[in-house]
file entry_14.pdb (PDB, C-alpha atoms)
ATOM      1  CA  MET A   1       0.000   0.000   0.000
ATOM      2  CA  LEU A   2       2.779   2.416   0.911
ATOM      3  CA  ALA A   3       4.655   1.585  -2.310
ATOM      4  CA  ALA A   4       1.543   2.313  -4.364
ATOM      5  CA  ILE A   5       1.037   5.680  -2.645
ATOM      6  CA  ALA A   6       4.701   6.604  -3.251
ATOM      7  CA  PHE A   7       4.437   5.536  -6.891
ATOM      8  CA  TYR A   8       1.345   7.615  -7.622
ATOM      9  CA  ALA A   9       2.728  10.631  -5.755
ATOM     10  CA  MET A  10       6.071  10.617  -7.596
ATOM     11  CA  ALA A  11       4.460   9.818 -10.946
ATOM     12  CA  ALA A  12       2.029  12.725 -10.582
ATOM     13  CA  THR A  13       4.887  15.025  -9.538
ATOM     14  CA  ALA A  14       6.953  13.950 -12.547
ATOM     15  CA  ILE A  15       4.075  14.573 -14.978
ATOM     16  CA  VAL A  16       3.166  17.978 -13.544
ATOM     17  CA  SER A  17       6.773  19.176 -13.362
ATOM     18  CA  ALA A  18       7.492  17.908 -16.905
ATOM     19  CA  PHE A  19       4.541  19.929 -18.182
ATOM     20  CA  ALA A  20       5.801  22.943 -16.217
ATOM     21  CA  VAL A  21       9.204  22.645 -17.946
ATOM     22  CA  ILE A  22       7.710  23.462 -21.336
ATOM     23  CA  SER A  23       5.072  25.911 -20.095
ATOM     24  CA  ALA A  24       7.151  28.133 -17.788
ATOM     25  CA  ARG A  25       7.951  31.576 -19.145
ATOM     26  CA  ASN A  26      11.225  31.954 -17.260
ATOM     27  CA  PRO A  27      13.976  29.566 -18.476
ATOM     28  CA  VAL A  28      15.477  29.393 -14.980
ATOM     29  CA  HIS A  29      12.142  28.131 -13.654
ATOM     30  CA  SER A  30      12.100  25.565 -16.468
ATOM     31  CA  VAL A  31      15.481  24.231 -15.341
ATOM     32  CA  LEU A  32      14.285  23.987 -11.732
ATOM     33  CA  PHE A  33      11.176  22.074 -12.812
ATOM     34  CA  LEU A  34      13.443  19.829 -14.890
ATOM     35  CA  ILE A  35      15.493  19.010 -11.796
ATOM     36  CA  LEU A  36      12.280  18.157  -9.939
ATOM     37  CA  THR A  37      11.294  15.853 -12.798
ATOM     38  CA  PHE A  38      14.647  14.068 -12.597
ATOM     39  CA  PHE A  39      14.293  13.539  -8.850
ATOM     40  CA  SER A  40      10.778  12.158  -9.271
ATOM     41  CA  ALA A  41      11.961   9.766 -11.973
ATOM     42  CA  ALA A  42      14.839   8.693  -9.726
ATOM     43  CA  GLY A  43      12.331   7.881  -7.000
ATOM     44  CA  LEU A  44      10.385   5.737  -9.455
ATOM     45  CA  PHE A  45      13.588   3.870 -10.338
ATOM     46  CA  VAL A  46      14.196   3.182  -6.641
ATOM     47  CA  LEU A  47      10.699   1.745  -6.312
ATOM     48  CA  MET A  48      11.427  -0.539  -9.270
ATOM     49  CA  GLY A  49      14.595  -1.844  -7.621
ATOM     50  CA  ALA A  50      16.973  -0.099 -10.037
ATOM     51  CA  GLU A  51      18.955   1.952  -7.538
ATOM     52  CA  PHE A  52      21.923   2.285  -9.901
ATOM     53  CA  LEU A  53      19.786   3.999 -12.550
ATOM     54  CA  ALA A  54      18.333   6.294  -9.880
ATOM     55  CA  MET A  55      21.803   7.286  -8.685
ATOM     56  CA  LEU A  56      22.958   7.763 -12.281
ATOM     57  CA  LEU A  57      19.962   9.970 -13.041
ATOM     58  CA  VAL A  58      20.602  12.202 -10.048
ATOM     59  CA  VAL A  59      24.395  12.424 -10.392
ATOM     60  CA  VAL A  60      24.644  12.809 -14.171
ATOM     61  CA  TYR A  61      21.497  14.684 -15.156
ATOM     62  CA  VAL A  62      20.845  16.774 -12.051
ATOM     63  CA  GLY A  63      24.466  17.321 -11.115
ATOM     64  CA  ALA A  64      25.829  17.949 -14.600
ATOM     65  CA  VAL A  65      23.334  18.433 -17.412
ATOM     66  CA  ALA A  66      20.756  20.565 -15.597
ATOM     67  CA  VAL A  67      23.383  22.732 -13.877
ATOM     68  CA  LEU A  68      25.306  23.160 -17.137
ATOM     69  CA  PHE A  69      22.106  24.124 -18.942
ATOM     70  CA  LEU A  70      21.325  26.643 -16.218
ATOM     71  CA  PHE A  71      24.771  28.239 -16.511
ATOM     72  CA  VAL A  72      24.510  28.352 -20.307
ATOM     73  CA  VAL A  73      21.113  30.060 -20.079
ATOM     74  CA  MET A  74      22.481  32.630 -17.634
ATOM     75  CA  MET A  75      25.734  33.296 -19.520
ATOM     76  CA  LEU A  76      24.574  33.427 -23.141
ATOM     77  CA  ASP A  77      21.695  35.866 -22.484
ATOM     78  CA  VAL A  78      19.418  34.211 -25.050
ATOM     79  CA  ASP A  79      16.373  36.172 -26.204
ATOM     80  CA  PHE A  80      13.647  33.651 -25.345
ATOM     81  CA  VAL A  81      10.867  36.012 -26.382
ATOM     82  CA  GLU A  82      12.059  35.794 -29.966
ATOM     83  CA  LEU A  83      12.356  32.008 -29.741
ATOM     84  CA  ARG A  84       8.800  31.609 -28.446
ATOM     85  CA  GLN A  85       7.306  33.560 -31.355
ATOM     86  CA  GLY A  86       7.626  30.578 -33.702
ATOM     87  CA  PHE A  87       6.275  28.058 -31.179
ATOM     88  CA  LEU A  88       2.796  27.844 -32.709
ATOM     89  CA  ASN A  89       4.241  27.188 -36.167
ATOM     90  CA  TYR A  90       5.901  23.976 -34.976
ATOM     91  CA  LEU A  91       3.026  22.877 -32.723
ATOM     92  CA  PRO A  92       1.440  20.410 -35.233
ATOM     93  CA  VAL A  93       4.777  18.683 -35.869
ATOM     94  CA  GLY A  94       5.439  18.458 -32.135
ATOM     95  CA  ALA A  95       1.974  16.984 -31.565
ATOM     96  CA  LEU A  96       2.611  14.286 -34.190
ATOM     97  CA  VAL A  97       5.940  13.380 -32.585
ATOM     98  CA  ALA A  98       4.283  13.215 -29.154
ATOM     99  CA  LEU A  99       1.530  10.933 -30.464
ATOM    100  CA  ALA A 100       4.129   8.645 -32.056
ATOM    101  CA  LEU A 101       6.068   8.423 -28.776
ATOM    102  CA  PHE A 102       2.908   7.651 -26.785
ATOM    103  CA  ALA A 103       1.969   4.949 -29.310
ATOM    104  CA  GLU A 104       5.416   3.354 -28.970
ATOM    105  CA  LEU A 105       5.199   3.449 -25.180
ATOM    106  CA  GLY A 106       1.761   1.830 -25.338
ATOM    107  CA  LEU A 107       3.030  -0.969 -27.567
ATOM    108  CA  VAL A 108       5.992  -1.642 -25.280
ATOM    109  CA  ALA A 109       3.787  -1.658 -22.172
ATOM    110  CA  SER A 110       1.238  -3.999 -23.715
ATOM    111  CA  ALA A 111       3.938  -6.393 -24.963
ATOM    112  CA  ALA A 112       5.666  -6.432 -21.587
ATOM    113  CA  GLY A 113       2.373  -7.065 -19.806
ATOM    114  CA  GLN A 114       1.433  -9.993 -22.063
ATOM    115  CA  ALA A 115       4.839 -11.669 -21.909
ATOM    116  CA  GLY A 116       5.304 -11.104 -18.193
ATOM    117  CA  ALA A 117       8.654  -9.413 -18.788
ATOM    118  CA  GLY A 118       7.700  -6.479 -16.628
ATOM    119  CA  ARG A 119       7.249  -8.601 -13.513
ATOM    120  CA  ALA A 120      10.515 -10.445 -14.201
ATOM    121  CA  ALA A 121      12.421  -7.183 -14.594
ATOM    122  CA  LEU A 122      11.026  -5.801 -11.359
ATOM    123  CA  SER A 123      11.867  -8.859  -9.273
ATOM    124  CA  LEU A 124      14.492  -8.138  -6.632
ATOM    125  CA  GLY A 125      17.481 -10.344  -5.968
ATOM    126  CA  GLY A 126      17.737 -12.612  -2.950
ATOM    127  CA  PRO A 127      19.984 -12.072   0.053
ATOM    128  CA  GLY A 128      22.864 -14.047  -1.483
ATOM    129  CA  GLU A 129      22.772 -12.321  -4.866
ATOM    130  CA  VAL A 130      24.644  -9.153  -5.766
ATOM    131  CA  THR A 131      22.809  -5.908  -6.390
ATOM    132  CA  ASN A 132      22.486  -4.464  -9.864
ATOM    133  CA  ALA A 133      24.900  -1.630  -8.993
ATOM    134  CA  GLU A 134      27.581  -4.139  -7.945
ATOM    135  CA  ALA A 135      26.992  -6.287 -11.042
ATOM    136  CA  ILE A 136      27.268  -3.290 -13.384
ATOM    137  CA  GLY A 137      30.413  -2.130 -11.569
ATOM    138  CA  ARG A 138      32.058  -5.521 -12.000
ATOM    139  CA  VAL A 139      31.333  -5.510 -15.735
ATOM    140  CA  LEU A 140      32.456  -1.895 -16.244
ATOM    141  CA  TYR A 141      35.745  -2.219 -14.376
ATOM    142  CA  THR A 142      36.715  -5.628 -15.749
ATOM    143  CA  ASP A 143      35.435  -6.207 -19.282
ATOM    144  CA  TYR A 144      34.932  -2.613 -20.439
ATOM    145  CA  LEU A 145      37.546  -0.695 -18.460
ATOM    146  CA  LEU A 146      39.227   0.911 -21.502
ATOM    147  CA  VAL A 147      35.926   1.963 -23.070
ATOM    148  CA  PHE A 148      34.771   3.357 -19.726
ATOM    149  CA  GLN A 149      37.925   5.472 -19.386
ATOM    150  CA  LEU A 150      37.592   6.707 -22.981
ATOM    151  CA  ALA A 151      34.016   7.762 -22.269
ATOM    152  CA  GLY A 152      35.282   9.741 -19.276
ATOM    153  CA  LEU A 153      37.872  11.501 -21.455
ATOM    154  CA  ILE A 154      35.216  12.380 -24.045
ATOM    155  CA  LEU A 155      32.996  13.882 -21.339
ATOM    156  CA  PHE A 156      35.975  15.842 -19.993
ATOM    157  CA  VAL A 157      36.687  17.298 -23.450
ATOM    158  CA  ALA A 158      33.000  18.169 -23.827
ATOM    159  CA  MET A 159      33.066  20.006 -20.496
ATOM    160  CA  LEU A 160      36.127  22.002 -21.566
ATOM    161  CA  GLY A 161      34.456  22.825 -24.886
ATOM    162  CA  ALA A 162      31.352  24.122 -23.112
ATOM    163  CA  ILE A 163      33.500  26.333 -20.883
ATOM    164  CA  VAL A 164      35.444  27.720 -23.862
ATOM    165  CA  LEU A 165      32.267  28.422 -25.843
ATOM    166  CA  THR A 166      30.599  30.304 -22.996
ATOM    167  CA  LEU A 167      33.717  32.284 -21.993
ATOM    168  CA  ARG A 168      33.555  35.795 -23.393
ATOM    169  CA  HIS A 169      36.216  38.507 -23.103
ATOM    170  CA  ARG A 170      34.392  41.729 -22.418
ATOM    171  CA  PRO A 171      36.173  45.020 -23.105
ATOM    172  CA  GLY A 172      37.001  47.225 -20.141
ATOM    173  CA  VAL A 173      37.260  44.372 -17.641
ATOM    174  CA  LYS A 174      40.498  44.246 -15.651
ATOM    175  CA  ARG A 175      42.239  40.874 -15.848
ATOM    176  CA  GLN A 176      45.239  39.498 -14.030
ATOM    177  CA  ASP A 177      48.526  39.324 -15.960
ATOM    178  CA  ILE A 178      50.770  37.006 -13.944
ATOM    179  CA  ALA A 179      53.843  37.465 -16.196
ATOM    180  CA  LYS A 180      53.623  41.225 -15.839
ATOM    181  CA  GLN A 181      53.286  40.966 -12.072
ATOM    182  CA  VAL A 182      56.241  38.620 -11.704
ATOM    183  CA  GLY A 183      58.487  40.685 -14.021
ATOM    184  CA  ARG A 184      57.699  43.991 -12.345
ATOM    185  CA  ARG A 185      60.727  45.933 -11.101
ATOM    186  CA  ARG A 186      61.141  47.953  -7.953
ATOM    187  CA  SER A 187      61.135  51.222  -9.872
ATOM    188  CA  GLU A 188      57.702  50.367 -11.314
ATOM    189  CA  GLY A 189      56.102  49.426  -8.001
ATOM    190  CA  VAL A 190      57.683  51.886  -5.560
ATOM    191  CA  GLU A 191      57.453  55.667  -5.739
ATOM    192  CA  LEU A 192      59.253  57.930  -3.281
ATOM    193  CA  LYS A 193      57.593  61.146  -2.134
ATOM    194  CA  ASP A 194      59.295  64.030  -0.370
ATOM    195  CA  VAL A 195      56.644  65.240   2.034
ATOM    196  CA  ARG A 196      57.347  68.459   3.839
ATOM    197  CA  PRO A 197      56.208  68.908   7.429
ATOM    198  CA  GLY A 198      52.626  70.102   7.688
ATOM    199  CA  GLN A 199      51.711  69.227   4.094
ATOM    200  CA  GLY A 200      49.908  66.268   2.551
ATOM    201  CA  ILE A 201      50.638  64.282  -0.594
ATOM    202  CA  VAL A 202      49.324  65.936  -3.756
TER     203      VAL A 202
END
call {"tool": "encode", "arguments": {"input": "entry_14.pdb", "output": "structure tokens"}}
result
Amino acid sequence: MLAAIAFYAMAATAIVSAFAVISARNPVHSVLFLILTFFSAAGLFVLMGAEFLAMLLVVVYVGAVAVLFLFVVMMLDVDFVELRQGFLNYLPVGALVALALFAELGLVASAAGQAGAGRAALSLGGPGEVTNAEAIGRVLYTDYLLVFQLAGLILFVAMLGAIVLTLRHRPGVKRQDIAKQVGRRRSEGVELKDVRPGQGIV
């Protein structure tokens, strides 16, 4: 009973927040609703017994993708009013894509229900069996270690590329020149003043 209440609560939260992502006028609010959607989906994964997918969803999407998207929105200063003007023109195409996705999800759900694959996928392991996170970790760090490290390097290069693309040099902003500071001489940094008694420095 408690699992059913948690499922319906998190599913309703995920649906409402996903709709708020595309309907919010402020892009920052859209990102916050997106983070709420990710957390709700992670809770659904935990209820299904897939704790590794829940952790991956929170760490990767909430901790990296959503935060990176938020920084890009704040740094690029995109004119969202101009982007929203052509929303109604693409609405029929978006509706067709949404209907196709819902039809595919319905087919998958009906096939899984008839074959009983859904109940088999949701069955939890016994006390002597390893968890899915431990099983995936064994496979990643034994059979696919090189590919896993290459994927990490690709993500690192992508992060550097995002930083370089969003970094802008604005005119009139003072920046630190370390070579100039290190090579500065005493005559450039010290100035002697002959102050007479009773007078200030002009």
call {"tool": "closest_residue", "arguments": {"input": "entry_14.pdb", "among": "A:Ala66, A:Leu2, A:Leu167, A:Leu140", "to": "A:Phe33", "atoms": "only C-alpha atoms"}}
result
A:Ala66
call {"tool": "axis_aligned_box", "arguments": {"input": "entry_14.pdb", "around": "stretch 133-149 of chain A", "padding_each_side": "4 Å", "output": "lines of an AutoDock Vina configuration file"}}
result
center_x = 32.1
center_y = -0.4
center_z = -15.5
size_x = 22.3
size_y = 19.8
size_z = 23.1
call {"tool": "resolve_selection", "arguments": {"input": "entry_14.pdb", "expression": "the PyMOL selection byres ((chain A and resi 136) around 12)", "output": "VMD selection string"}}
result
chain A and resid 50 to 53 56 130 to 135 137 to 145 148
call {"tool": "residues_around", "arguments": {"input": "entry_14.pdb", "residues": "A:His29", "least_positions_apart": "2", "cutoff": "12 Å", "atoms": "only C-alpha atoms", "output": "list in words"}}
result
Ser17, Ala18, Ala20, Val21, Ile22, Ser23, Ala24, Arg25, Asn26, Pro27, Val31, Leu32, Phe33, Leu34, Ile35, Leu36, Ala66, Phe69, Leu70, Val73 and Met74 of chain A
call {"tool": "write_last_selection", "arguments": {"input": "entry_14.pdb", "atoms": "C-alpha atoms", "output": "JSON list (two decimals), in the frame of the given file"}}
result
[["chain", "number", "residue", "atom", "x", "y", "z"],
["A", 17, "SER", "CA", 6.77, 19.18, -13.36],
["A", 18, "ALA", "CA", 7.49, 17.91, -16.90],
["A", 20, "ALA", "CA", 5.80, 22.94, -16.22],
["A", 21, "VAL", "CA", 9.20, 22.64, -17.95],
["A", 22, "ILE", "CA", 7.71, 23.46, -21.34],
["A", 23, "SER", "CA", 5.07, 25.91, -20.10],
["A", 24, "ALA", "CA", 7.15, 28.13, -17.79],
["A", 25, "ARG", "CA", 7.95, 31.58, -19.14],
["A", 26, "ASN", "CA", 11.22, 31.95, -17.26],
["A", 27, "PRO", "CA", 13.98, 29.57, -18.48],
["A", 31, "VAL", "CA", 15.48, 24.23, -15.34],
["A", 32, "LEU", "CA", 14.28, 23.99, -11.73],
["A", 33, "PHE", "CA", 11.18, 22.07, -12.81],
["A", 34, "LEU", "CA", 13.44, 19.83, -14.89],
["A", 35, "ILE", "CA", 15.49, 19.01, -11.80],
["A", 36, "LEU", "CA", 12.28, 18.16, -9.94],
["A", 66, "ALA", "CA", 20.76, 20.56, -15.60],
["A", 69, "PHE", "CA", 22.11, 24.12, -18.94],
["A", 70, "LEU", "CA", 21.32, 26.64, -16.22],
["A", 73, "VAL", "CA", 21.11, 30.06, -20.08],
["A", 74, "MET", "CA", 22.48, 32.63, -17.63]]
call {"tool": "atom_distance", "arguments": {"input": "entry_14.pdb", "atom1": "atom CA of A:Leu165", "atom2": "atom CA of A:Ile178"}}
result
23.6 Å
call {"tool": "closest_residue", "arguments": {"input": "entry_14.pdb", "among": "A:Arg196, A:Leu68, A:Thr13, A:Ala95", "to": "A:Met159", "atoms": "only C-alpha atoms"}}
result
A:Leu68
call {"tool": "atom_distance", "arguments": {"input": "entry_14.pdb", "atom1": "atom CA of A:Val62", "atom2": "atom CA of A:Glu104"}}
result
26.5 Å
call {"tool": "residues_around", "arguments": {"input": "entry_14.pdb", "residues": "A:Ala3", "least_positions_apart": "3", "cutoff": "8 Å", "atoms": "all atoms listed in the file", "output": "compact mmCIF listing (two decimals) with C-alpha atoms, in the frame of the given file"}}
result
# COMPACT_ATOMS: atom_id res chain seq x y z
CA ALA A 6 4.70 6.60 -3.25
CA PHE A 7 4.44 5.54 -6.89
CA LEU A 47 10.70 1.74 -6.31
call {"tool": "atom_distance", "arguments": {"input": "entry_14.pdb", "atom1": "atom CA of A:Leu155", "atom2": "atom CA of A:Val60"}}
result
11.1 Å
call {"tool": "resolve_selection", "arguments": {"input": "entry_14.pdb", "expression": "the PyMOL selection byres ((chain A and resi 42) around 9)", "output": "ChimeraX atom specification"}}
result
/A:37-41,43-47,51,53-58
